[in-house]
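Participant: This is the structure I have questions about; it appears just below.
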Amino acid sequence: MKDDVWNKGIAEAMPRNKFLNIMRCLHVCNNNDLDPNTKFAKVSPLWKMLNKRWLKYFAGDVNLSVDESMIPYYGRHSTKQHIHGKPIRFGYKAWCLCTRSGYLVQGNLYEGANTGNKYPEVGVGASVVLNLCEKLPQRPDGYNLYFDNFFTSVVLLEKLAEEGHNAAGTIRANRVEKAPLSDVKSVSKMPRGSFDQITEKDSNVTLVRYNDNNVITVASTACGVEPVGKVRRWSAAEKKHTSVNQPSCVVMYNQYMGGVDRLDENVSKL
């Protein structure tokens, strides 16, 4: 076996079956002294230690994304989830803060609808993001954070801006705080690549409603529509690929949002 896929020190330390037996019986805390307030009491000391290690060896990337990740598990447990359409459909859900390359900086195990809801005034999704960012090392210019429409709200972007961070994310149409954007139906009738933008001067939150394959709305304090990028799309009418405008906030979101998906991909190859 080649050296780049085999480590002598690990392979000769013990037989595989012995290692599996040790892992099967491994305990990280005293079963007689479990925290009754957490459903993951048996592994919470290990998880806290891992969070410290992930943060310790964090390389300091500026662009980070927040999303959910699934830890495969097929047994019985009150926190086991089934998420249809995910590569891993059954298992434990974890809220993750990752770099673009898939390095996990911080993670919180999901125990129910109120997991991590330390800031009820901003909602569960926003609270999850704020919790994950609490222990990030300080930077003069903060971080650029990206997340999807489960988390995004105008209030969250304002809260992150107060803490010195920029952020961008897709946002649901009913969360734009009655901003005078063109409605989804009218934007869908515009040519592909069309968009409508509005910026709130006090908070510097920009809302962009953009027509691509579907109409999406992006909220951002990181950037607006300029500089407008270009993306190739297939035109059914012209029977060829055409160049379509894409606002800068959409370009940045597409570029940096996939960190948690990359984490899942990396873990699946272990």
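Each chain in the structure tokens gets a letter, A, B and so on, in the order shown; residues start at 1 in every chain, and ligands are counted from 1 in the order they appear.
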Within 12 Å of region 235-237 of chain A, counting only C-alpha atoms, which residues show up once you throw out same-chain ones fewer than 4 positions away? Write them as a PyMOL selection string, please.

Facilitator: chain A and resi 191-192+212-213+241-244

Participant: For Asp264 (chain A), list every protein, DNA or RNA residue within 9 Å, evaluated using only C-alpha atoms, and leave out those in the same chain fewer than 2 positions away; present the list as a PyMOL selection string.

Facilitator: chain A and resi 69-71+87-88+102+259-262+266-269

Participant: Quick one: write out the picked residues with all heavy atoms as an mmCIF file, in the first residue's frame?

Facilitator:
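Done, and the output landed in result.cif:
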data_model
loop_
_atom_site.group_PDB
_atom_site.id
_atom_site.type_symbol
_atom_site.label_atom_id
_atom_site.label_comp_id
_atom_site.auth_asym_id
_atom_site.auth_seq_id
_atom_site.Cartn_x
_atom_site.Cartn_y
_atom_site.Cartn_z
ATOM 1 N N SER A 69 -26.019 21.080 8.807
ATOM 2 C CA SER A 69 -25.315 19.886 8.353
ATOM 3 C C SER A 69 -25.945 18.668 9.029
ATOM 4 O O SER A 69 -26.476 18.785 10.133
ATOM 5 C CB SER A 69 -23.825 19.973 8.718
ATOM 6 O OG SER A 69 -23.136 18.802 8.345
ATOM 7 N N MET A 70 -25.903 17.544 8.365
ATOM 8 C CA MET A 70 -26.485 16.324 8.910
ATOM 9 C C MET A 70 -25.380 15.340 9.293
ATOM 10 O O MET A 70 -24.455 15.087 8.514
ATOM 11 C CB MET A 70 -27.416 15.674 7.901
ATOM 12 C CG MET A 70 -28.699 16.447 7.670
ATOM 13 S SD MET A 70 -29.796 16.434 9.095
ATOM 14 C CE MET A 70 -30.399 14.748 9.038
ATOM 15 N N ILE A 71 -25.473 14.812 10.502
ATOM 16 C CA ILE A 71 -24.569 13.765 10.989
ATOM 17 C C ILE A 71 -25.335 12.456 10.900
ATOM 18 O O ILE A 71 -26.341 12.280 11.593
ATOM 19 C CB ILE A 71 -24.146 14.042 12.447
ATOM 20 C CG1 ILE A 71 -23.476 15.415 12.548
ATOM 21 C CG2 ILE A 71 -23.216 12.948 12.949
ATOM 22 C CD1 ILE A 71 -23.291 15.903 13.972
ATOM 23 N N PRO A 87 -28.498 14.933 0.950
ATOM 24 C CA PRO A 87 -27.680 13.736 0.696
ATOM 25 C C PRO A 87 -27.707 12.758 1.870
ATOM 26 O O PRO A 87 -27.734 11.554 1.686
ATOM 27 C CB PRO A 87 -26.274 14.312 0.476
ATOM 28 C CG PRO A 87 -26.507 15.712 0.031
ATOM 29 C CD PRO A 87 -27.743 16.167 0.753
ATOM 30 N N ILE A 88 -27.683 13.311 3.093
ATOM 31 C CA ILE A 88 -27.855 12.509 4.308
ATOM 32 C C ILE A 88 -29.236 12.846 4.858
ATOM 33 O O ILE A 88 -29.460 13.921 5.398
ATOM 34 C CB ILE A 88 -26.766 12.827 5.350
ATOM 35 C CG1 ILE A 88 -25.373 12.555 4.767
ATOM 36 C CG2 ILE A 88 -26.970 12.012 6.613
ATOM 37 C CD1 ILE A 88 -24.240 13.016 5.652
ATOM 38 N N GLY A 102 -14.648 24.457 3.601
ATOM 39 C CA GLY A 102 -15.325 23.417 4.360
ATOM 40 C C GLY A 102 -14.761 23.187 5.746
ATOM 41 O O GLY A 102 -15.125 22.209 6.402
ATOM 42 N N GLY A 259 -19.849 26.655 1.949
ATOM 43 C CA GLY A 259 -18.863 26.094 2.874
ATOM 44 C C GLY A 259 -19.352 24.866 3.624
ATOM 45 O O GLY A 259 -18.610 23.898 3.799
ATOM 46 N N VAL A 260 -20.612 24.872 4.076
ATOM 47 C CA VAL A 260 -21.141 23.740 4.845
ATOM 48 C C VAL A 260 -21.352 22.537 3.926
ATOM 49 O O VAL A 260 -21.131 21.392 4.327
ATOM 50 C CB VAL A 260 -22.442 24.133 5.571
ATOM 51 C CG1 VAL A 260 -22.996 22.949 6.359
ATOM 52 C CG2 VAL A 260 -22.185 25.311 6.520
ATOM 53 N N ASP A 261 -21.793 22.784 2.696
ATOM 54 C CA ASP A 261 -21.910 21.683 1.734
ATOM 55 C C ASP A 261 -20.548 21.066 1.454
ATOM 56 O O ASP A 261 -20.425 19.846 1.301
ATOM 57 C CB ASP A 261 -22.532 22.180 0.432
ATOM 58 C CG ASP A 261 -23.983 22.588 0.594
ATOM 59 O OD1 ASP A 261 -24.642 22.043 1.505
ATOM 60 O OD2 ASP A 261 -24.458 23.445 -0.168
ATOM 61 N N ARG A 262 -19.530 21.904 1.412
ATOM 62 C CA ARG A 262 -18.166 21.396 1.203
ATOM 63 C C ARG A 262 -17.712 20.574 2.405
ATOM 64 O O ARG A 262 -17.037 19.556 2.264
ATOM 65 C CB ARG A 262 -17.206 22.574 0.975
ATOM 66 C CG ARG A 262 -15.770 22.171 0.676
ATOM 67 C CD ARG A 262 -15.643 21.439 -0.652
ATOM 68 N NE ARG A 262 -14.271 21.033 -0.892
ATOM 69 C CZ ARG A 262 -13.354 21.809 -1.470
ATOM 70 N NH1 ARG A 262 -13.664 23.043 -1.859
ATOM 71 N NH2 ARG A 262 -12.123 21.379 -1.670
ATOM 72 N N ASN A 266 -16.461 16.789 2.291
ATOM 73 C CA ASN A 266 -15.171 16.352 2.845
ATOM 74 C C ASN A 266 -15.350 15.176 3.810
ATOM 75 O O ASN A 266 -14.580 14.217 3.780
ATOM 76 C CB ASN A 266 -14.491 17.526 3.583
ATOM 77 C CG ASN A 266 -14.095 18.638 2.636
ATOM 78 O OD1 ASN A 266 -14.036 18.470 1.417
ATOM 79 N ND2 ASN A 266 -13.818 19.817 3.187
ATOM 80 N N VAL A 267 -16.369 15.272 4.677
ATOM 81 C CA VAL A 267 -16.601 14.206 5.667
ATOM 82 C C VAL A 267 -17.006 12.914 4.974
ATOM 83 O O VAL A 267 -16.608 11.826 5.392
ATOM 84 C CB VAL A 267 -17.685 14.670 6.672
ATOM 85 C CG1 VAL A 267 -18.086 13.497 7.579
ATOM 86 C CG2 VAL A 267 -17.176 15.821 7.520
ATOM 87 N N SER A 268 -17.790 13.020 3.906
ATOM 88 C CA SER A 268 -18.264 11.819 3.215
ATOM 89 C C SER A 268 -17.135 11.023 2.564
ATOM 90 O O SER A 268 -17.290 9.844 2.266
ATOM 91 C CB SER A 268 -19.290 12.194 2.143
ATOM 92 O OG SER A 268 -18.674 12.890 1.066
ATOM 93 N N LYS A 269 -15.983 11.682 2.371
ATOM 94 C CA LYS A 269 -14.858 11.002 1.711
ATOM 95 C C LYS A 269 -13.879 10.388 2.700
ATOM 96 O O LYS A 269 -12.877 9.804 2.290
ATOM 97 C CB LYS A 269 -14.118 11.992 0.811
ATOM 98 C CG LYS A 269 -14.947 12.451 -0.382
ATOM 99 C CD LYS A 269 -14.197 13.427 -1.250
ATOM 100 C CE LYS A 269 -15.030 13.837 -2.465
ATOM 101 N NZ LYS A 269 -14.326 14.822 -3.314
#

Participant: Hey, can you check how far CA of Cys96 (chain A) sits from CA of Glu68 (chain A)?

Facilitator: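 Between these atoms lies a distance of 5.9 Å.
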
Participant: For the interface of region 96-134 of chain A with region 37-41 of chain A (cut-off 10 Å, counting only C-alpha atoms), please tabulate each contacting residue of region 96-134 of chain A alongside its nearest pair of atoms and their separation in Å to one decimal, rows sorted by chain and increasing number, as JSON lines.

Facilitator:
{"residue": "A:Leu109", "atom": "CA", "partner": "A:Phe40", "partner_atom": "CA", "distance": 8.1}
{"residue": "A:Tyr110", "atom": "CA", "partner": "A:Phe40", "partner_atom": "CA", "distance": 9.3}
{"residue": "A:Glu111", "atom": "CA", "partner": "A:Lys39", "partner_atom": "CA", "distance": 6.5}
{"residue": "A:Gly112", "atom": "CA", "partner": "A:Lys39", "partner_atom": "CA", "distance": 9.4}
{"residue": "A:Thr115", "atom": "CA", "partner": "A:Thr38", "partner_atom": "CA", "distance": 10.0}

Participant: Okay, now the selection with all heavy atoms, as an mmCIF file, in the first residue's frame?

Facilitator:
data_model
loop_
_atom_site.group_PDB
_atom_site.id
_atom_site.type_symbol
_atom_site.label_atom_id
_atom_site.label_comp_id
_atom_site.auth_asym_id
_atom_site.auth_seq_id
_atom_site.Cartn_x
_atom_site.Cartn_y
_atom_site.Cartn_z
ATOM 1 N N LEU A 109 -25.212 21.524 18.079
ATOM 2 C CA LEU A 109 -26.103 20.406 17.815
ATOM 3 C C LEU A 109 -27.556 20.829 18.010
ATOM 4 O O LEU A 109 -27.885 21.523 18.975
ATOM 5 C CB LEU A 109 -25.767 19.232 18.732
ATOM 6 C CG LEU A 109 -24.409 18.566 18.488
ATOM 7 C CD1 LEU A 109 -24.084 17.594 19.618
ATOM 8 C CD2 LEU A 109 -24.378 17.852 17.146
ATOM 9 N N TYR A 110 -28.423 20.393 17.121
ATOM 10 C CA TYR A 110 -29.834 20.772 17.150
ATOM 11 C C TYR A 110 -30.599 19.854 18.104
ATOM 12 O O TYR A 110 -30.611 18.641 17.935
ATOM 13 C CB TYR A 110 -30.407 20.673 15.735
ATOM 14 C CG TYR A 110 -31.861 21.047 15.631
ATOM 15 C CD1 TYR A 110 -32.254 22.383 15.584
ATOM 16 C CD2 TYR A 110 -32.840 20.064 15.568
ATOM 17 C CE1 TYR A 110 -33.594 22.731 15.487
ATOM 18 C CE2 TYR A 110 -34.182 20.405 15.458
ATOM 19 C CZ TYR A 110 -34.550 21.737 15.421
ATOM 20 O OH TYR A 110 -35.875 22.077 15.322
ATOM 21 N N GLU A 111 -31.246 20.459 19.096
ATOM 22 C CA GLU A 111 -32.002 19.691 20.088
ATOM 23 C C GLU A 111 -33.495 19.973 20.041
ATOM 24 O O GLU A 111 -34.257 19.394 20.820
ATOM 25 C CB GLU A 111 -31.482 20.012 21.499
ATOM 26 C CG GLU A 111 -30.024 19.665 21.708
ATOM 27 C CD GLU A 111 -29.576 19.939 23.130
ATOM 28 O OE1 GLU A 111 -30.344 19.599 24.055
ATOM 29 O OE2 GLU A 111 -28.481 20.496 23.321
ATOM 30 N N GLY A 112 -33.932 20.836 19.159
ATOM 31 C CA GLY A 112 -35.338 21.196 19.087
ATOM 32 C C GLY A 112 -35.492 22.613 18.569
ATOM 33 O O GLY A 112 -34.512 23.311 18.290
ATOM 34 N N THR A 115 -33.372 25.534 20.009
ATOM 35 C CA THR A 115 -31.926 25.372 20.134
ATOM 36 C C THR A 115 -31.202 26.670 19.797
ATOM 37 O O THR A 115 -31.377 27.229 18.714
ATOM 38 C CB THR A 115 -31.421 24.260 19.198
ATOM 39 O OG1 THR A 115 -32.065 23.035 19.542
ATOM 40 C CG2 THR A 115 -29.910 24.083 19.335
#

Participant: Between A:Asp183, A:Asp148, A:Asp202, A:Glu238, single out the one closest to Ser65 (chain A), counting only C-alpha atoms.

Facilitator: A:Asp148

Participant: With a distance cut-off of 6 Å and only C-alpha atoms, select the neighbouring residues of Thr221 (chain A), excluding the residue or stretch itself and same-chain residues fewer than 5 positions from it, and output the selection as a list in words.

Facilitator: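 Those residues are Asn166, Ala167 and Val205 of chain A.
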
Participant: Give me a file of those residues, with N, CA, C and O atoms, as a tab-separated table (two decimals), in the first residue's frame.

Facilitator:
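Okay, this is what ended up in again.tsv:
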chain	number	residue	atom	x	y	z
A	166	ASN	N	-20.09	42.29	8.11
A	166	ASN	CA	-20.92	42.41	6.91
A	166	ASN	C	-21.61	41.07	6.68
A	166	ASN	O	-21.11	40.02	7.09
A	167	ALA	N	-22.74	41.11	5.98
A	167	ALA	CA	-23.48	39.87	5.76
A	167	ALA	C	-24.31	39.97	4.49
A	167	ALA	O	-24.64	41.07	4.03
A	205	VAL	N	-28.55	48.59	4.75
A	205	VAL	CA	-29.02	47.29	4.28
A	205	VAL	C	-29.57	47.47	2.86
A	205	VAL	O	-30.46	48.30	2.63

Participant: Excluding Glu162 (chain A) and its own-chain neighbours fewer than 3 positions away, which residues fall within 12 Å of it when counting only C-alpha atoms? Please give them as a list of chain:residue names.

Facilitator: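 Contacts, in chain order: A:Leu130, A:Asp141, A:Gly142, A:Val155, A:Leu156, A:Leu157, A:Glu158, A:Lys159, A:His165, A:Asn166, A:Ala167, A:Asp202, A:Ser203, A:Asn204, A:Thr221.
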
Participant: What are the DSSP alpha helix (DSSP H) residues of region 54-159 of chain A, as an MDAnalysis selection string?

Facilitator: chainID A and resid 54:56 124:133 154:159

Participant: Which of these, A:Asn149, A:Asn245, A:Gln138, A:Asn254, has the shortest distance to Arg233 (chain A) once you count only C-alpha atoms?

Facilitator: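 Of A:Asn149, A:Asn245, A:Gln138, A:Asn254, the one nearest Arg233 (chain A), counting only C-alpha atoms, is A:Asn245.
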
Participant: Identify which of the residues A:Thr170, A:Ser44, A:Gln246, A:Ser101 lies closest to Asn30 (chain A), counting only C-alpha atoms when measuring atom-to-atom distances.

Facilitator: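 Going through A:Thr170, A:Ser44, A:Gln246, A:Ser101 one by one, the smallest distance to Asn30 (chain A) is for A:Ser44.
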
Participant: List the spatial neighbours of Asp61 (chain A) as an NGL selection string - criterion: any atom at most 12 Å away, only C-alpha atoms, same-chain residues fewer than 4 positions off excluded.

Facilitator: :A and (55 or 57 or 65 or 97-105 or 136-139 or 142-145 or 256 or 259)

Participant: Kindly give the distance, in Å, that separates CA of Arg175 (chain A) and CA of Ser153 (chain A), rounded to a single decimal.

Facilitator: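 Taking CA of Arg175 (chain A) as the start and CA of Ser153 (chain A) as the end point, the length is 6.1 Å.
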